[in-house]
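Asks: Below is model-v8.tsv; it holds TSV, C-alpha atoms.
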chain	number	residue	atom	x	y	z
R	1	MET	CA	16.36	3.87	-13.10
R	2	SER	CA	14.80	3.42	-9.65
R	3	ILE	CA	12.17	0.88	-8.60
R	4	LEU	CA	9.44	2.49	-6.48
R	5	ARG	CA	7.47	-0.50	-5.27
R	6	THR	CA	7.50	-2.71	-2.19
R	7	CYS	CA	8.28	-6.41	-2.27
R	8	LEU	CA	5.32	-8.75	-1.92
R	9	ARG	CA	5.29	-10.95	1.17
R	10	PRO	CA	2.88	-13.50	2.67
R	11	VAL	CA	1.86	-10.88	5.25
R	12	SER	CA	1.28	-7.25	4.27
R	13	PRO	CA	0.99	-4.22	6.61
R	14	SER	CA	-2.56	-3.10	5.83
R	15	GLY	CA	-6.12	-3.51	7.05
R	16	PRO	CA	-6.95	-6.79	8.86
R	17	ALA	CA	-8.82	-8.27	5.90
R	18	PHE	CA	-5.98	-7.34	3.54
R	19	ARG	CA	-3.03	-8.92	5.32
R	20	THR	CA	-2.78	-12.45	3.95
R	21	LYS	CA	-1.60	-13.54	0.53
R	22	HIS	CA	-1.78	-17.20	-0.50
R	23	ALA	CA	0.43	-18.82	-3.13
R	24	LYS	CA	-0.13	-22.48	-4.00
R	25	THR	CA	2.04	-24.48	-6.37
R	26	ILE	CA	-0.29	-26.25	-8.79
R	27	TYR	CA	2.31	-27.61	-11.26
R	28	TRP	CA	5.90	-28.67	-10.56
R	29	TYR	CA	8.84	-29.89	-12.66
R	30	GLU	CA	8.52	-33.42	-11.29
R	31	LYS	CA	5.40	-35.33	-10.26
R	32	ARG	CA	4.12	-34.49	-6.78
R	33	PRO	CA	0.98	-35.66	-4.97
R	34	ASP	CA	-0.04	-32.10	-4.05
R	35	THR	CA	-0.05	-30.65	-7.59
R	36	LEU	CA	-2.27	-30.95	-10.67
R	37	GLY	CA	0.56	-31.99	-12.96
R	38	ALA	CA	4.25	-31.85	-13.82
R	39	LEU	CA	6.78	-30.62	-16.42
R	40	PHE	CA	6.67	-26.91	-15.47
R	41	PHE	CA	6.32	-24.58	-12.46
R	42	SER	CA	3.02	-22.72	-12.02
R	43	GLU	CA	1.30	-21.14	-9.03
R	44	LEU	CA	-2.19	-20.02	-8.03
R	45	PHE	CA	-2.23	-16.68	-6.20
R	46	THR	CA	-5.02	-15.36	-3.98
R	47	HIS	CA	-4.86	-11.78	-2.68
R	48	VAL	CA	-6.94	-8.62	-2.47
R	49	GLY	CA	-6.58	-5.89	-5.08
R	50	GLN	CA	-5.07	-3.46	-2.59
R	51	TRP	CA	-1.94	-5.52	-1.87
R	52	GLY	CA	1.59	-4.14	-1.46
R	53	THR	CA	2.30	-1.30	-3.88
R	54	HIS	CA	-1.03	-0.97	-5.67
R	55	VAL	CA	-3.25	1.22	-7.80
R	56	ASP	CA	-6.53	2.58	-6.44
R	57	PRO	CA	-8.83	3.49	-9.35
R	58	PRO	CA	-11.77	5.88	-8.81
R	59	ALA	CA	-14.22	2.98	-8.45
R	60	HIS	CA	-12.38	1.82	-5.31
R	61	PHE	CA	-14.34	4.43	-3.35
R	62	VAL	CA	-16.91	5.86	-5.76
R	63	LYS	CA	-19.54	3.64	-7.36
R	64	GLY	CA	-19.88	4.13	-11.11
R	65	LEU	CA	-16.48	5.71	-11.73
R	66	ARG	CA	-13.54	4.14	-13.58
R	67	THR	CA	-12.13	0.72	-12.73
R	68	VAL	CA	-8.52	-0.41	-13.20
R	69	ASP	CA	-8.97	-1.42	-16.84
R	70	GLN	CA	-10.32	2.04	-17.71
R	71	ILE	CA	-7.17	3.93	-16.75
R	72	ASP	CA	-5.62	5.12	-19.99
R	73	LEU	CA	-2.01	4.45	-21.00
R	74	LYS	CA	-1.50	8.23	-21.26
R	75	GLU	CA	-2.03	8.41	-17.49
R	76	MET	CA	0.74	5.91	-16.76
R	77	ILE	CA	3.88	7.68	-18.08
R	78	LEU	CA	4.20	11.06	-16.39
R	79	PRO	CA	6.60	13.73	-15.13
R	80	LEU	CA	7.47	12.91	-11.51
R	81	VAL	CA	7.32	15.49	-8.72
R	82	VAL	CA	8.64	14.44	-5.31
R	83	ILE	CA	7.82	16.60	-2.30
R	84	ASP	CA	10.47	15.66	0.27
R	85	VAL	CA	9.10	16.08	3.80
R	86	HIS	CA	10.91	13.18	5.50
R	87	GLU	CA	12.67	15.49	7.96
R	88	GLU	CA	9.36	17.02	9.03
R	89	VAL	CA	7.83	13.56	9.44
R	90	ALA	CA	10.78	12.40	11.56
R	91	LYS	CA	9.88	15.17	14.02
R	92	ASN	CA	6.10	14.74	13.77
R	93	PRO	CA	4.58	11.42	12.60
R	94	ASP	CA	1.17	13.14	12.31
R	95	TYR	CA	2.55	15.56	9.71
R	96	THR	CA	0.23	16.58	6.87
R	97	LEU	CA	1.40	18.26	3.68
R	98	SER	CA	0.42	21.93	3.52
R	99	ILE	CA	-0.07	24.33	0.62
R	100	GLU	CA	2.74	26.47	2.06
R	101	ARG	CA	5.12	23.51	1.71
R	102	LEU	CA	3.99	22.95	-1.88
R	103	LYS	CA	4.56	26.61	-2.73
R	104	LYS	CA	8.02	26.37	-1.18
R	105	TRP	CA	8.70	23.42	-3.51
R	106	GLU	CA	7.59	25.53	-6.48
R	107	GLU	CA	9.85	28.39	-5.39
R	108	ASP	CA	12.78	25.97	-5.40
R	109	HIS	CA	11.94	23.96	-8.54
R	110	SER	CA	9.36	25.87	-10.66
R	111	GLN	CA	5.60	25.39	-10.97
R	112	ILE	CA	4.29	21.84	-10.69
R	113	PRO	CA	3.49	20.89	-14.29
R	114	SER	CA	0.02	19.99	-15.48
R	115	GLY	CA	-0.35	16.22	-15.79
R	116	ALA	CA	2.34	15.48	-13.21
R	117	PHE	CA	2.48	12.56	-10.83
R	118	VAL	CA	3.07	14.03	-7.36
R	119	ALA	CA	4.63	11.86	-4.67
R	120	MET	CA	5.10	12.73	-1.02
R	121	ARG	CA	8.40	11.42	0.32
R	122	THR	CA	8.11	10.63	4.03
R	123	ASP	CA	10.52	7.65	4.27
R	124	TRP	CA	7.66	5.83	5.99
R	125	SER	CA	8.31	2.89	3.68
R	126	LYS	CA	11.49	2.19	5.64
R	127	HIS	CA	9.17	0.66	8.28
R	128	TRP	CA	8.04	-1.96	5.76
R	129	PRO	CA	7.15	-4.81	6.27
R	130	ASP	CA	6.66	-4.29	10.02
R	131	ALA	CA	2.89	-3.75	10.44
R	132	ALA	CA	3.24	-2.34	13.95
R	133	LYS	CA	5.76	0.28	12.81
R	134	MET	CA	3.68	1.15	9.75
R	135	GLU	CA	0.61	1.78	11.95
R	136	ASN	CA	2.63	3.37	14.78
R	137	LYS	CA	-0.15	3.09	17.35
R	138	ASP	CA	0.09	4.78	20.73
R	139	ALA	CA	-0.92	3.35	24.11
R	140	HIS	CA	-4.57	4.13	23.33
R	141	GLY	CA	-4.53	2.28	19.99
R	142	VAL	CA	-4.50	5.46	17.88
R	143	ALA	CA	-2.42	5.25	14.70
R	144	HIS	CA	0.12	7.98	13.97
R	145	TYR	CA	1.44	8.26	10.42
R	146	PRO	CA	1.62	11.15	7.93
R	147	GLY	CA	-0.86	12.07	5.23
R	148	TRP	CA	-2.12	14.73	2.86
R	149	SER	CA	-4.50	17.60	3.55
R	150	LEU	CA	-7.65	18.51	1.64
R	151	LEU	CA	-6.51	22.03	0.71
R	152	THR	CA	-3.24	20.61	-0.64
R	153	LEU	CA	-5.00	18.00	-2.74
R	154	LYS	CA	-7.39	20.60	-4.16
R	155	TYR	CA	-4.42	22.83	-4.99
R	156	LEU	CA	-2.81	19.95	-6.89
R	157	TYR	CA	-5.82	18.43	-8.65
R	158	GLU	CA	-7.91	21.55	-9.30
R	159	GLY	CA	-5.20	24.22	-9.42
R	160	ARG	CA	-2.22	22.46	-10.98
R	161	LYS	CA	-4.29	19.82	-12.85
R	162	ILE	CA	-2.08	16.89	-11.87
R	163	THR	CA	-2.90	13.38	-13.11
R	164	ALA	CA	-2.25	11.30	-9.99
R	165	SER	CA	-0.59	11.24	-6.60
R	166	ARG	CA	1.16	8.72	-4.40
R	167	HIS	CA	2.52	8.11	-0.94
R	168	GLU	CA	4.49	5.59	1.13
R	169	THR	CA	1.89	4.91	3.81
R	170	THR	CA	-1.10	2.58	3.67
R	171	ASP	CA	-3.56	5.46	3.33
R	172	THR	CA	-4.00	8.93	1.83
R	173	ASP	CA	-5.44	10.20	5.10
R	174	PRO	CA	-3.20	10.51	8.18
R	175	GLY	CA	-3.37	7.81	10.84
R	176	ILE	CA	-5.27	9.94	13.35
R	177	ALA	CA	-8.06	10.25	10.74
R	178	THR	CA	-8.18	6.64	9.52
R	179	ASN	CA	-8.27	5.53	13.14
R	180	LYS	CA	-11.76	7.10	13.17
R	181	ASP	CA	-12.65	5.56	9.79
R	182	ASP	CA	-12.20	8.96	8.14
R	183	TYR	CA	-11.06	8.40	4.55
R	184	SER	CA	-12.33	11.71	3.21
R	185	LEU	CA	-9.05	12.60	1.47
R	186	GLU	CA	-8.87	9.36	-0.48
R	187	THR	CA	-12.55	9.78	-1.29
R	188	TYR	CA	-11.83	13.27	-2.63
R	189	ILE	CA	-9.04	12.10	-4.96
R	190	LEU	CA	-10.99	9.18	-6.35
R	191	SER	CA	-14.19	11.22	-6.67
R	192	THR	CA	-12.36	13.49	-9.13
R	193	ASN	CA	-11.95	10.40	-11.37
R	194	HIS	CA	-8.18	10.29	-10.82
R	195	TYR	CA	-6.23	7.31	-9.51
R	196	GLN	CA	-3.58	7.02	-6.82
R	197	ILE	CA	-0.73	4.68	-5.86
R	198	GLU	CA	-0.18	3.54	-2.28
R	199	LEU	CA	2.76	1.94	-0.44
R	200	LEU	CA	5.57	3.28	-2.59
R	201	THR	CA	9.20	2.98	-1.62
R	202	ASN	CA	12.67	4.22	-2.65
R	203	LEU	CA	11.59	7.83	-3.11
R	204	ASP	CA	14.90	8.76	-1.48
R	205	GLN	CA	16.58	7.47	-4.65
R	206	VAL	CA	14.96	9.88	-7.11
R	207	PRO	CA	15.30	13.66	-7.55
R	208	GLU	CA	12.53	16.03	-6.52
R	209	SER	CA	12.08	17.06	-10.15
R	210	GLY	CA	13.23	16.00	-13.61
R	211	ALA	CA	12.44	12.28	-13.51
R	212	ILE	CA	9.77	10.38	-15.45
R	213	VAL	CA	7.58	7.84	-13.68
R	214	VAL	CA	6.14	4.74	-15.29
R	215	VAL	CA	3.13	3.22	-13.50
R	216	SER	CA	2.22	-0.25	-14.72
R	217	PHE	CA	-0.32	-2.86	-13.65
R	218	PRO	CA	-2.50	-5.61	-15.17
R	219	LYS	CA	-5.95	-4.67	-16.48
R	220	PRO	CA	-8.49	-7.09	-15.00
R	221	LYS	CA	-11.88	-5.96	-16.27
R	222	GLY	CA	-13.94	-4.11	-13.68
R	223	ALA	CA	-11.28	-4.43	-10.98
R	224	SER	CA	-11.34	-2.28	-7.81
R	225	GLY	CA	-7.53	-2.21	-7.58
R	226	PHE	CA	-4.46	-4.27	-8.37
R	227	LEU	CA	-0.75	-4.73	-7.72
R	228	ALA	CA	1.33	-2.06	-9.42
R	229	ARG	CA	4.89	-2.03	-10.68
R	230	VAL	CA	6.20	1.53	-10.52
R	231	PHE	CA	9.61	2.80	-11.57
R	232	ALA	CA	11.27	6.13	-12.31
R	233	ILE	CA	13.57	7.01	-15.20
R	234	VAL	CA	16.13	9.34	-13.71
R	235	PRO	CA	18.02	11.86	-15.90
Please rewrite the model in this file as structure tokens.

Replies:
Amino acid sequence: MSILRTCLRPVSPSGPAFRTKHAKTIYWYEKRPDTLGALFFSELFTHVGQWGTHVDPPAHFVKGLRTVDQIDLKEMILPLVVIDVHEEVAKNPDYTLSIERLKKWEEDHSQIPSGAFVAMRTDWSKHWPDAAKMENKDAHGVAHYPGWSLLTLKYLYEGRKITASRHETTDTDPGIATNKDDYSLETYILSTNHYQIELLTNLDQVPESGAIVVVSFPKPKGASGFLARVFAIVP
């Protein structure tokens, strides 16, 4: 079994408004002047929905589509497909996944199954939790990190009928796009009423095919996103 989520920290590499998590102890084992009571340990957490490894439901970008609580259990236990492009990304941080690379994966492993959860392994999560390395900005302030491509996503969601996708970066779109506030790829995925998982890790510990992924998260009603606990069952 492999855990595919990042550890939560007080500071998270993400957008400026998403970087701070607060945890306040409100009960402690002994009496303290800064708590509400004693006898047990309890905390109050304050954070945005898109924090650390998290689920983005369709409603995150598209008004009127499904929220976190409307994602069905059948969409949370899926065959795992890992497209390993970490060597390509090491040579080119602006790398985007192409249809040709997907077809090469299918030549090596067989057709991507309907209902699969497709993850792109870039090893970008090894930069976590260093925000500067995650963004990888150049001297002009332009971010450089890998992402998907629209043709590839259409091939997966419309052609292969996958259930969801995931990546290790903070965004679906590559850094050179998000730097211009272009989130068209994430918008595409969520507009199809599918969900995605962001900021995964440990994809180097699972095979490219044959594993089962379990995606779990709380179900706050009407939520735009939430922390996710993701793990793979490896044969």

Asks: When you count all atoms listed in the file, which of these residues is closest to Met120 in chain R: R:Leu199, R:Pro218, R:Lys63, R:Gly49?

Replies: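 With all atoms listed in the file as the atom set, the closest residue is R:Leu199.
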
Asks: For Ser114 in chain R, which of R:Leu151, R:Ala143, R:Ile162, R:Ile83 is the closest residue, counting all atoms listed in the file?

Replies: R:Ile162

Asks: Around the point (14.9, 11.2, -2.8), in the coordinates given by the file, pick out the residues reaching within 9 Å, counting all atoms listed in the file, and return them as a PyMOL selection string.

Replies: chain R and resi 82-84+121+202-208

Asks: Store the residues of this selection in a file with C-alpha atoms, as a tab-separated table (two decimals), keeping the file's coordinate frame.

Replies:
chain	number	residue	atom	x	y	z
R	82	VAL	CA	8.64	14.44	-5.31
R	83	ILE	CA	7.82	16.60	-2.30
R	84	ASP	CA	10.47	15.66	0.27
R	121	ARG	CA	8.40	11.42	0.32
R	202	ASN	CA	12.67	4.22	-2.65
R	203	LEU	CA	11.59	7.83	-3.11
R	204	ASP	CA	14.90	8.76	-1.48
R	205	GLN	CA	16.58	7.47	-4.65
R	206	VAL	CA	14.96	9.88	-7.11
R	207	PRO	CA	15.30	13.66	-7.55
R	208	GLU	CA	12.53	16.03	-6.52

Asks: Which residue, R:Ile71, R:Ala132, R:Ala228, R:Leu80, has the smallest gap to Ala119 in chain R when you use all atoms listed in the file?

Replies: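 Checking each of R:Ile71, R:Ala132, R:Ala228, R:Leu80 against Ala119 in chain R, counting all atoms listed in the file, the winner is R:Leu80.
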
Asks: From the options R:Pro93, R:Gly222, R:Pro79, R:Pro235, which residue's atoms come nearest to Pro174 in chain R, counting all atoms listed in the file?

Replies: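 The shortest atom-to-atom distance to Pro174 in chain R comes from R:Pro93.
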
Asks: Which residue out of R:His167, R:His194, R:Lys103, R:Arg229 has the minimum interatomic distance to Trp124 in chain R when all atoms listed in the file are used?

Replies: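 With all atoms listed in the file as the atom set, the closest residue is R:His167.
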
Asks: Find the residue from R:Ile99, R:Glu107, R:Ser125, R:Trp51 that sits nearest to Lys154 in chain R; use only C-alpha atoms when measuring.

Replies: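 Comparing R:Ile99, R:Glu107, R:Ser125, R:Trp51 against Lys154 in chain R, the winner is R:Ile99.
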
Asks: I want to know what sits within 12 Å of Asn92 in chain R, based on all atoms listed in the file, with residues of the same chain fewer than 2 positions away left out; could you give that as JSON, numbers by chain?

Replies: {"R": [85, 86, 87, 88, 89, 90, 94, 95, 96, 97, 122, 124, 136, 144, 145, 146, 147, 174]}

Asks: What is the CA of Asp72 in chain R to CA of Asp173 in chain R distance in Å?

Replies: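 The value is 25.6 Å.
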
Asks: To one decimal place in Å, what is the distance between CA of Gly64 in chain R and CA of Leu227 in chain R?

Replies: 21.4 Å

Asks: Using CA of Ile233 in chain R and CA of Val214 in chain R as the two end points, give the distance in Å to one decimal.

Replies: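 It comes out at 7.8 Å.
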
Asks: What are the centre and the three edge lengths of an axis-aligned box that wraps all atoms of range 122-131 of chain R in the file, given that 6 Å is added to every side, written as lines of an AutoDock Vina configuration file and rounded to one decimal in Å?

Replies:
center_x = 7.2
center_y = 2.9
center_z = 7.1
size_x = 20.6
size_y = 27.4
size_z = 18.8

Asks: Could you give me, as a ChimeraX atom specification, the residues that sit within 10 Å of (2.1, 10.9, -10.5) in the file's coordinates, counting only C-alpha atoms?

Replies: /R:75-82,115-119,162-167,195-197,212-215
